[in-house]
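Asker: This is the structure I want to talk about, given as structure tokens.
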Amino acid sequence: MKTLLLSLREISKSYGEKNRKVKVLDNISLDIYDEFTSIIGPSGSGKTTLLKIIAGVEKPDTGEIKQYTKDLRIGFVFQFPTLLPWETVLENVTLPLIANGVSREKAREIAEKYLGLVGLSGFEDFYPHELSGGMRQRVNIARALAIEPTILLLDEPFSHLDPLTAENLRSEILDIWLSGATTVRSIILVTHNVDEAILMSDRLIILTPRPAKIAKIINIDLPRPRDRRSVEFQKIEDLVYEYIS
């Protein structure tokens, strides 16, 4: 049985001032459970804005967010790696931990654990410019995991990677999550990639064009690993395209 972690009620958000105001989100109500959820919709429909509101980075104009679990923490992986170029891989991962009062020794121990989990043991002393794009994104993921979040937010983290690297990273994130090796109980992915959303998700949230409302919520009960060529996969894909085309 799914456990409710977070609920959004009647969330609306606009940008700009007076006659130049643009409404991005319109009365969004959504429950977040301990599952893998993807948010998909047209460009400019407010997917990233919704993610930032869930993270607490931005505040909605109207509506409320309610937590249903104690000490809920949220990790955020951005589309492009946001690493400090003058810091090593290890220093980039320990930075938010030290900023939150964790000792350097403990921060190093935690960072090494999560770097190992994303396949980067041995790269602790490298600098971002010495890594491939996929490896930099792995550092980004390790840094988000290191704060030991309850909910992990992913904002199109595979979109700038080559297809093979993206495919490998998708599989690894699913394996890490399903293994229970982290504190993450829920993952929310923003994506434009329908196949990616169906491949990874337990539930798919489809947004309308701006100002975004929820057009459809699709529960995906296919067993993992999933076969893109299966009839069941194709049926879900056709249904998604009915709502986003």
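Residues are referred to by chain and number: the chain letter is A, B, ... according to the order shown in the structure tokens, the number counts from 1 in that chain, and ligands are numbered separately from 1 in the order shown.
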Hey, what does DSSP flag as strand (DSSP E or B) within segment 105-173 of chain A? Can you give it to me as a PyMOL selection string?

Answerer: chain A and resi 151-155

Asker: Would you kindly return, as a PDB file with N, CA and C atoms, in the first residue's frame, each protein, DNA or RNA residue with an atom no farther than 9 Å from any atom of Ile39 of chain A, considering only C-alpha atoms and excluding same-chain residues fewer than 5 positions away?

Answerer:
```
ATOM      1  N   LYS A  47       6.526  22.648 -15.763  1.00  0.00           N
ATOM      2  CA  LYS A  47       6.984  21.418 -15.085  1.00  0.00           C
ATOM      3  C   LYS A  47       8.097  21.718 -14.077  1.00  0.00           C
ATOM      4  N   ILE A 188      10.644  12.065  -8.187  1.00  0.00           N
ATOM      5  CA  ILE A 188       9.794  12.805  -9.121  1.00  0.00           C
ATOM      6  C   ILE A 188      10.670  13.291 -10.268  1.00  0.00           C
ATOM      7  N   LEU A 189      10.366  12.835 -11.465  1.00  0.00           N
ATOM      8  CA  LEU A 189      11.138  13.157 -12.659  1.00  0.00           C
ATOM      9  C   LEU A 189      10.346  14.060 -13.574  1.00  0.00           C
ATOM     10  N   VAL A 190      10.951  15.173 -13.995  1.00  0.00           N
ATOM     11  CA  VAL A 190      10.400  16.004 -15.064  1.00  0.00           C
ATOM     12  C   VAL A 190      11.095  15.611 -16.354  1.00  0.00           C
ATOM     13  N   THR A 191      10.315  15.342 -17.396  1.00  0.00           N
ATOM     14  CA  THR A 191      10.888  14.907 -18.659  1.00  0.00           C
ATOM     15  C   THR A 191       9.990  15.283 -19.829  1.00  0.00           C
ATOM     16  N   HIS A 192      10.613  15.395 -21.020  1.00  0.00           N
ATOM     17  CA  HIS A 192       9.862  15.523 -22.271  1.00  0.00           C
ATOM     18  C   HIS A 192       9.789  14.182 -22.990  1.00  0.00           C
ATOM     19  N   ALA A 197       9.609   8.275 -19.432  1.00  0.00           N
ATOM     20  CA  ALA A 197       8.618   8.370 -18.357  1.00  0.00           C
ATOM     21  C   ALA A 197       7.941   7.024 -18.112  1.00  0.00           C
ATOM     22  N   ARG A 203       3.812   6.135 -11.828  1.00  0.00           N
ATOM     23  CA  ARG A 203       2.682   7.029 -12.098  1.00  0.00           C
ATOM     24  C   ARG A 203       3.154   8.173 -12.964  1.00  0.00           C
ATOM     25  N   LEU A 204       2.306   8.569 -13.902  1.00  0.00           N
ATOM     26  CA  LEU A 204       2.647   9.606 -14.864  1.00  0.00           C
ATOM     27  C   LEU A 204       1.634  10.743 -14.778  1.00  0.00           C
ATOM     28  N   ILE A 205       2.137  11.956 -14.520  1.00  0.00           N
ATOM     29  CA  ILE A 205       1.292  13.151 -14.436  1.00  0.00           C
ATOM     30  C   ILE A 205       1.458  13.933 -15.740  1.00  0.00           C
ATOM     31  N   ILE A 206       0.370  14.129 -16.479  1.00  0.00           N
ATOM     32  CA  ILE A 206       0.421  14.859 -17.746  1.00  0.00           C
ATOM     33  C   ILE A 206      -0.179  16.243 -17.541  1.00  0.00           C
ATOM     34  N   LEU A 207       0.597  17.276 -17.876  1.00  0.00           N
ATOM     35  CA  LEU A 207       0.135  18.654 -17.741  1.00  0.00           C
ATOM     36  C   LEU A 207      -0.364  19.191 -19.081  1.00  0.00           C
TER      37      LEU A 207
END
```

Asker: What does the distance between atom CA of Ala215 of chain A and atom CA of Gly41 of chain A come to in Å, to one decimal place?

Answerer: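 It comes out at 9.2 Å.
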
Asker: Considering only C-alpha atoms, state which residue in the set A:Gly134, A:Ile110, A:Ile151, A:Lys13 is at the smallest distance from Leu164 of chain A.

Answerer: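 Residue with the minimum atom-to-atom distance to Leu164 of chain A: A:Gly134.
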
Asker: Select, from A:Leu145, A:Arg138, A:Lys59, A:Leu115, the residue with the minimum atom-to-atom distance to Leu97 of chain A, counting only C-alpha atoms.

Answerer: A:Leu145

Asker: Which of segment 152-198 of chain A end up as helix (DSSP H, G or I) when DSSP is run on this backbone - answer as an MDAnalysis selection string?

Answerer: chainID A and resid 163:179 194:198

Asker: Restricted to C-alpha atoms, what would the selected residues look like written as a PDB file, in the first residue's frame?

Answerer:
```pdb
ATOM      1  CA  PRO A 163      21.631   8.061 -25.747  1.00  0.00           C
ATOM      2  CA  LEU A 164      23.819   5.238 -24.395  1.00  0.00           C
ATOM      3  CA  THR A 165      24.967   7.192 -21.332  1.00  0.00           C
ATOM      4  CA  ALA A 166      21.393   8.312 -20.650  1.00  0.00           C
ATOM      5  CA  GLU A 167      20.113   4.738 -20.895  1.00  0.00           C
ATOM      6  CA  ASN A 168      22.766   3.444 -18.501  1.00  0.00           C
ATOM      7  CA  LEU A 169      22.121   6.223 -16.005  1.00  0.00           C
ATOM      8  CA  ARG A 170      18.354   5.631 -16.070  1.00  0.00           C
ATOM      9  CA  SER A 171      18.897   1.972 -15.273  1.00  0.00           C
ATOM     10  CA  GLU A 172      21.365   2.753 -12.497  1.00  0.00           C
ATOM     11  CA  ILE A 173      19.062   5.271 -10.822  1.00  0.00           C
ATOM     12  CA  LEU A 174      16.212   2.759 -10.884  1.00  0.00           C
ATOM     13  CA  ASP A 175      18.497   0.039  -9.479  1.00  0.00           C
ATOM     14  CA  ILE A 176      19.765   2.313  -6.693  1.00  0.00           C
ATOM     15  CA  TRP A 177      16.226   3.358  -5.753  1.00  0.00           C
ATOM     16  CA  LEU A 178      14.692  -0.111  -5.896  1.00  0.00           C
ATOM     17  CA  SER A 179      17.586  -1.618  -3.918  1.00  0.00           C
ATOM     18  CA  VAL A 194       7.529   9.749 -23.165  1.00  0.00           C
ATOM     19  CA  ASP A 195       9.457   6.467 -23.411  1.00  0.00           C
ATOM     20  CA  GLU A 196      11.641   7.505 -20.477  1.00  0.00           C
ATOM     21  CA  ALA A 197       8.618   8.370 -18.357  1.00  0.00           C
ATOM     22  CA  ILE A 198       6.875   5.046 -19.036  1.00  0.00           C
TER      23      ILE A 198
END
```
